[in-house]
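Asks: Got a structure for you, questions after.
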Amino acid sequence: MEQKQLIAYAVLKKLHDEKQDLLESYLPFVQYTLSTLDSAYIQLEEIQAEIRQQTSLLLPLNTLRTLLKKLSRSGQISPFEGYNFIENIRPDSNSVDDYRQRFDDSQRERNALLLKYKEFAGVDSSEENVLASLLDFITETLSIVDITARGDFESAPSNPTHLSLAKFVAHIKRYDAGAYTTFCNIYYGALLSRLKDLTQIQDLARKTQDLTVYLDSNIIFRLLGLQNPVYNNASTELLQLLKNCGYRIRCLRVTTEEVRRVLAHRYKLFATSRLPASLPEEEARYTDGIIGAYYRRKMTLGELDELIRNLERQIEQMEIGVDHHDVIQNLPVSNEKLEPYFRAKLTKHINSRKLDEYDREYDIEEILEKEEIPPYVRESVMKKATTDFKIVELIRRKRSRDVYRFSDAKTIFLTCDRVLAAFNNRSTNPNTRL
C-alpha cells in the first residue's frame, strides 16, 4: 500500500500544480482506474474500492459521483440510477497514458529519494520498511508542523527514525534541490489528499463553526439505512464530515413526523399482505426506496414498528438534535409564490410514476390543466410544498442579514430534493436561499 500511496501523493501534487483545481486533479485517477476494469457495468462503490486498490486514494462517494458526472458529459461513461451504476464506454486514452507516464516518473523519483535517504542515514532496511517509515513520518508531521516551511525540526516527533528523516529533509533542502522537490511533491500531495474531506479544511471550519444544518426527510431515510446502499453510505460520509466540522445538526419536528408517516404507510402495506414478506436477494437488490431496504435488510414487521415508535431516539443516537416543538406551524406562506413550486413538484411526481398510472399521451401541462390527478395526490404534494416553503421562511428568519457567502449562512437546510434545490437556485433574493 505504501508503495502506491507515496507515488499517488506525488502525482496528485503535480496534477494540482498544473490544473490548479483539486477536483480536476482527481479525475485522471478515476479515468485510469476505469481503464483497468474488465466489466462494462460497474457499481459506484465498486469503483470507489478499485480506486483505493489501484491508487491507494479513498474518494468519498459524493466526490466520486461528481467526477463521474464530468466523465459522462464527455461521453466516457453512461450513468444509470443516479450514478449508482455506470457503463464504461470510452476512456480518454490520452489522459490514461498521461497518468501512467506521471506515475512512472514519480516512481523513479521516489526510488531515487529512498536510496539517498538510506545512504544519508546509513541504514540497510528493506524498501518496504523505509516506505512505511516515510509514510508514518509524513502523516504524523502534517498534524504537528509544516517541516518544509522553516526547517523547525525540533517540533518533529521524537521517534528516532522520524528524527533521522527530518534531518534528511533539512539536508536535501540545503544541498539537493531535486530530491527536495520530490519530497515536497509527496508531502504536499499527502496534504492535498486530505482536502477532499472537509474535516481538513480548517479555515472553512473556523469560519462556519457557528453553522446549524437542518436535515430534510430524504437525508434522514438514508441515514437510517432505508434507501439504496450507495445513497445511504454517501449520506453517512456527509454526516461525519459535518460533525467533524463542529456544525450543529438538527431535525425539525415536521421532518420526523413526515418520516414516521411514510414508514407507517409502508408498515401497513406489509401488514395487510399487499406486499410479499420477502424477495429473492437479486430482486431485492434492484428494488428502490424503503421497500427495497426492508427486503435487503431482511427486516421484520416488529423491527419496523420499533423503528417507527422510537424514531426520535434513533435519530438522536446519530448525534442529530431533534426539535420537539413545531416551529414552522404558524409561519406565513405566499400562495402566489407557492403555486409555481407546487406545480413543479407535481410535475416531478407525475414523471416519476409508472407508465400505467397516468396517460403518457397527455402533455404534463395538459394533465395539470385537466385535473387528471387524484385529489389525494394533489393534497399530498401541496402539503409537502407548503412545508418546504415554511422551512425557507424559518431559515430566512434565523439569518440576521442577507447572505452572499456560505461562511455567512449561519443556518442551512440540507436536502436531496432536486426540485427544491432547482427552485431555490432560481431565487433572486439571496436572503431566501437555503
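Ordering of the C-alpha cells sets the chain letters (A, B, ...); residue numbers start at 1 within each chain; ligands are numbered from 1 in the order shown.
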If you run DSSP on the backbone, which residues of segment 71-313 of chain A are strand (DSSP E), as JSON, numbers by chain?

Replies: {"A": [77, 78, 79, 80, 85, 86, 87, 88, 212, 213, 214, 215, 248, 249, 250, 251]}

Asks: Excluding same-chain residues fewer than 2 positions from Ile412 of chain A, what lies within 10 Å of it counting only C-alpha atoms, as a list in words?

Replies: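 After dropping sequence-adjacent residues, the list is Leu211, Thr212, Val213, Tyr214, Leu215, Ile249, Ile391, Val392, Leu394, Ile395, Arg396, Lys398, Arg399, Phe406, Ala409, Lys410, Leu414, Thr415, Arg433 and Leu434 of chain A.
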
Asks: Emit the selected residues as a PDB file, in the first residue's frame, including C-alpha atoms.

Replies:
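Once written, out_31.pdb looks like this:
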```pdb
ATOM      1  CA  LEU A 211     -23.425  26.853  11.406  1.00  0.00           C
ATOM      2  CA  THR A 212     -26.666  24.965  12.063  1.00  0.00           C
ATOM      3  CA  VAL A 213     -27.650  22.352   9.467  1.00  0.00           C
ATOM      4  CA  TYR A 214     -31.268  21.162   9.289  1.00  0.00           C
ATOM      5  CA  LEU A 215     -31.735  17.803   7.561  1.00  0.00           C
ATOM      6  CA  ILE A 249     -27.025  19.193  13.080  1.00  0.00           C
ATOM      7  CA  ILE A 391     -38.792  25.885   6.118  1.00  0.00           C
ATOM      8  CA  VAL A 392     -37.453  28.526   3.706  1.00  0.00           C
ATOM      9  CA  LEU A 394     -37.661  29.654   9.008  1.00  0.00           C
ATOM     10  CA  ILE A 395     -34.162  29.763   7.523  1.00  0.00           C
ATOM     11  CA  ARG A 396     -34.696  33.364   6.436  1.00  0.00           C
ATOM     12  CA  LYS A 398     -32.774  32.689  11.542  1.00  0.00           C
ATOM     13  CA  ARG A 399     -30.372  34.682   9.371  1.00  0.00           C
ATOM     14  CA  PHE A 406     -21.544  30.180   2.568  1.00  0.00           C
ATOM     15  CA  ALA A 409     -25.088  31.492   6.195  1.00  0.00           C
ATOM     16  CA  LYS A 410     -25.381  30.547   9.916  1.00  0.00           C
ATOM     17  CA  LEU A 414     -29.698  20.090   3.578  1.00  0.00           C
ATOM     18  CA  THR A 415     -31.900  18.197   1.132  1.00  0.00           C
ATOM     19  CA  ARG A 433     -31.792  30.881  -0.482  1.00  0.00           C
ATOM     20  CA  LEU A 434     -31.403  27.800   1.698  1.00  0.00           C
TER      21      LEU A 434
END
```

Asks: So what do you get for atom CA of Leu307 of chain A versus atom CA of Gln329 of chain A, distance-wise?

Replies: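 Atom CA of Gln329 of chain A lies at a distance of 25.3 Å from atom CA of Leu307 of chain A.
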
Asks: I need the residue nearest Pro28 of chain A from this list: A:Asp92, A:Glu393, A:Asp216, A:Glu281. Use only C-alpha atoms for the distance.

Replies: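 Closest to Pro28 of chain A of all the choices is A:Asp92.
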
Asks: Report as a PDB file with N, CA and C atoms, in the first residue's frame all protein, DNA and RNA residues lying within 9 Å of Val381 of chain A, evaluated on only C-alpha atoms, omitting residues in the same chain fewer than 2 positions from it.

Replies:
```pdb
ATOM      1  N   PHE A 342     -45.401  24.359  -6.338  1.00  0.00           N
ATOM      2  CA  PHE A 342     -46.312  23.213  -6.247  1.00  0.00           C
ATOM      3  C   PHE A 342     -46.439  22.517  -7.596  1.00  0.00           C
ATOM      4  N   LYS A 345     -43.297  20.489  -8.331  1.00  0.00           N
ATOM      5  CA  LYS A 345     -43.245  19.240  -7.558  1.00  0.00           C
ATOM      6  C   LYS A 345     -44.260  18.229  -8.089  1.00  0.00           C
ATOM      7  N   LEU A 346     -45.434  18.725  -8.490  1.00  0.00           N
ATOM      8  CA  LEU A 346     -46.458  17.831  -9.024  1.00  0.00           C
ATOM      9  C   LEU A 346     -46.004  17.231 -10.354  1.00  0.00           C
ATOM     10  N   HIS A 349     -43.591  14.556  -9.615  1.00  0.00           N
ATOM     11  CA  HIS A 349     -44.302  13.387  -9.087  1.00  0.00           C
ATOM     12  C   HIS A 349     -44.899  12.569 -10.225  1.00  0.00           C
ATOM     13  N   TYR A 376     -56.102  13.057  -3.695  1.00  0.00           N
ATOM     14  CA  TYR A 376     -55.201  12.765  -2.587  1.00  0.00           C
ATOM     15  C   TYR A 376     -53.741  13.008  -2.971  1.00  0.00           C
ATOM     16  N   VAL A 377     -53.431  12.842  -4.276  1.00  0.00           N
ATOM     17  CA  VAL A 377     -52.071  13.109  -4.748  1.00  0.00           C
ATOM     18  C   VAL A 377     -51.790  14.604  -4.685  1.00  0.00           C
ATOM     19  N   ARG A 378     -52.733  15.388  -5.159  1.00  0.00           N
ATOM     20  CA  ARG A 378     -52.574  16.846  -5.096  1.00  0.00           C
ATOM     21  C   ARG A 378     -52.407  17.318  -3.653  1.00  0.00           C
ATOM     22  N   GLU A 379     -53.215  16.777  -2.757  1.00  0.00           N
ATOM     23  CA  GLU A 379     -53.158  17.190  -1.354  1.00  0.00           C
ATOM     24  C   GLU A 379     -51.797  16.842  -0.740  1.00  0.00           C
ATOM     25  N   LYS A 383     -49.084  19.587   0.490  1.00  0.00           N
ATOM     26  CA  LYS A 383     -48.638  19.609   1.884  1.00  0.00           C
ATOM     27  C   LYS A 383     -47.119  19.671   1.957  1.00  0.00           C
ATOM     28  N   LYS A 384     -46.460  18.877   1.131  1.00  0.00           N
ATOM     29  CA  LYS A 384     -45.000  18.873   1.124  1.00  0.00           C
ATOM     30  C   LYS A 384     -44.455  20.203   0.617  1.00  0.00           C
ATOM     31  N   ALA A 385     -45.063  20.756  -0.430  1.00  0.00           N
ATOM     32  CA  ALA A 385     -44.614  22.035  -0.979  1.00  0.00           C
ATOM     33  C   ALA A 385     -44.768  23.145   0.050  1.00  0.00           C
ATOM     34  N   THR A 386     -45.891  23.143   0.760  1.00  0.00           N
ATOM     35  CA  THR A 386     -46.131  24.161   1.786  1.00  0.00           C
ATOM     36  C   THR A 386     -45.101  24.044   2.906  1.00  0.00           C
TER      37      THR A 386
END
```

Asks: Using atom CA of Tyr286 of chain A and atom CA of Gly225 of chain A as the two end points, give the distance in Å to one decimal.

Replies: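 Result for atom CA of Tyr286 of chain A versus atom CA of Gly225 of chain A: 15.2 Å, one decimal.
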
Asks: Enumerate as JSON, numbers by chain all residues of segment 156-336 of chain A assigned to helix (DSSP H, G or I) by DSSP on the backbone, naming them with the chain letters and numbers the document uses.

Replies: {"A": [160, 161, 162, 163, 164, 165, 166, 167, 168, 169, 170, 171, 172, 173, 174, 175, 177, 178, 179, 180, 181, 182, 183, 184, 185, 186, 187, 188, 189, 190, 191, 192, 193, 194, 198, 199, 200, 202, 203, 204, 205, 206, 207, 217, 218, 219, 220, 221, 222, 223, 229, 230, 231, 232, 233, 234, 235, 236, 237, 238, 239, 240, 241, 242, 243, 244, 253, 254, 255, 256, 257, 258, 259, 260, 261, 262, 263, 264, 265, 266, 267, 268, 269, 270, 271, 281, 282, 283, 284, 285, 289, 290, 291, 292, 293, 294, 295, 296, 301, 302, 303, 304, 305, 306, 307, 308, 309, 311, 312, 313, 314, 315, 316, 335, 336]}

Asks: For each of A:Phe29, A:Tyr41, A:Tyr187, A:Phe221, take the minimum atom-to-atom distance to Asn84 of chain A, counting only C-alpha atoms, then give the residue where this is smallest.

Replies: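 When distances to Asn84 of chain A are compared using only C-alpha atoms, the smallest one comes from A:Tyr41.
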
Asks: Residues near Leu59 of chain A, anyone? I mean within 10 Å using only C-alpha atoms, not counting same-chain ones fewer than 5 positions away, as a PyMOL selection string.

Replies: chain A and resi 26+30+47-49+51-52+64-65+193-194+196-197

Asks: Kindly save the residues from that selection, with C-alpha atoms included, as a compact mmCIF listing (two decimals), in the first residue's frame.

Replies:
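Okay, this is what ended up in result_12.txt:
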```txt
# COMPACT_ATOMS: atom_id res chain seq x y z
CA TYR A 26 -8.51 13.60 -9.03
CA VAL A 30 -10.69 7.80 -11.88
CA ILE A 47 -15.37 1.96 -8.46
CA GLN A 48 -14.52 3.52 -5.10
CA ALA A 49 -12.95 0.26 -3.91
CA ILE A 51 -9.61 3.39 -6.95
CA ARG A 52 -8.49 2.62 -3.40
CA LEU A 64 -16.67 10.30 -6.90
CA ARG A 65 -20.19 10.87 -8.21
CA SER A 193 -5.38 14.19 -0.39
CA ARG A 194 -6.89 15.25 2.93
CA LYS A 196 -11.31 16.07 -0.19
CA ASP A 197 -12.51 15.71 3.39
```

Asks: List the neighbours of Asn232 of chain A out to 9 Å using only C-alpha atoms; skip same-chain residues closer than 4 positions along the sequence, and give me the result as JSON, numbers by chain.

Replies: {"A": [219, 221, 222, 223, 224, 225, 226, 227, 228, 236, 237]}

Asks: Please list as a VMD selection string every residue within 10 Å of Leu131 of chain A, counting only C-alpha atoms and excluding residues in the same chain fewer than 5 positions away.

Replies: chain A and resid 1 to 3 5 to 6 110 to 111 114 125 to 126 136 to 137

Asks: With only C-alpha atoms as the counted atoms, please give the residues lying no more than 12 Å from segment 95-104 of chain A, apart from itself and same-chain residues fewer than 4 positions off, as a VMD selection string.

Replies: chain A and resid 3 to 15 24 to 36 54 to 55 71 76 90 to 91 108 to 111

Asks: From the set A:Met299, A:Leu192, A:Cys251, A:Ile350, which residue has the shortest atom-to-atom contact distance to Gln314 of chain A, counting only C-alpha atoms?

Replies: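 Of all the options, A:Cys251 lies closest to Gln314 of chain A.
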
Asks: Grab the atom CA of Arg248 of chain A to atom CA of Asp210 of chain A distance for me, in Å with one decimal place.

Replies: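 Atom-to-atom, atom CA of Arg248 of chain A and atom CA of Asp210 of chain A are spaced 7.7 Å apart.
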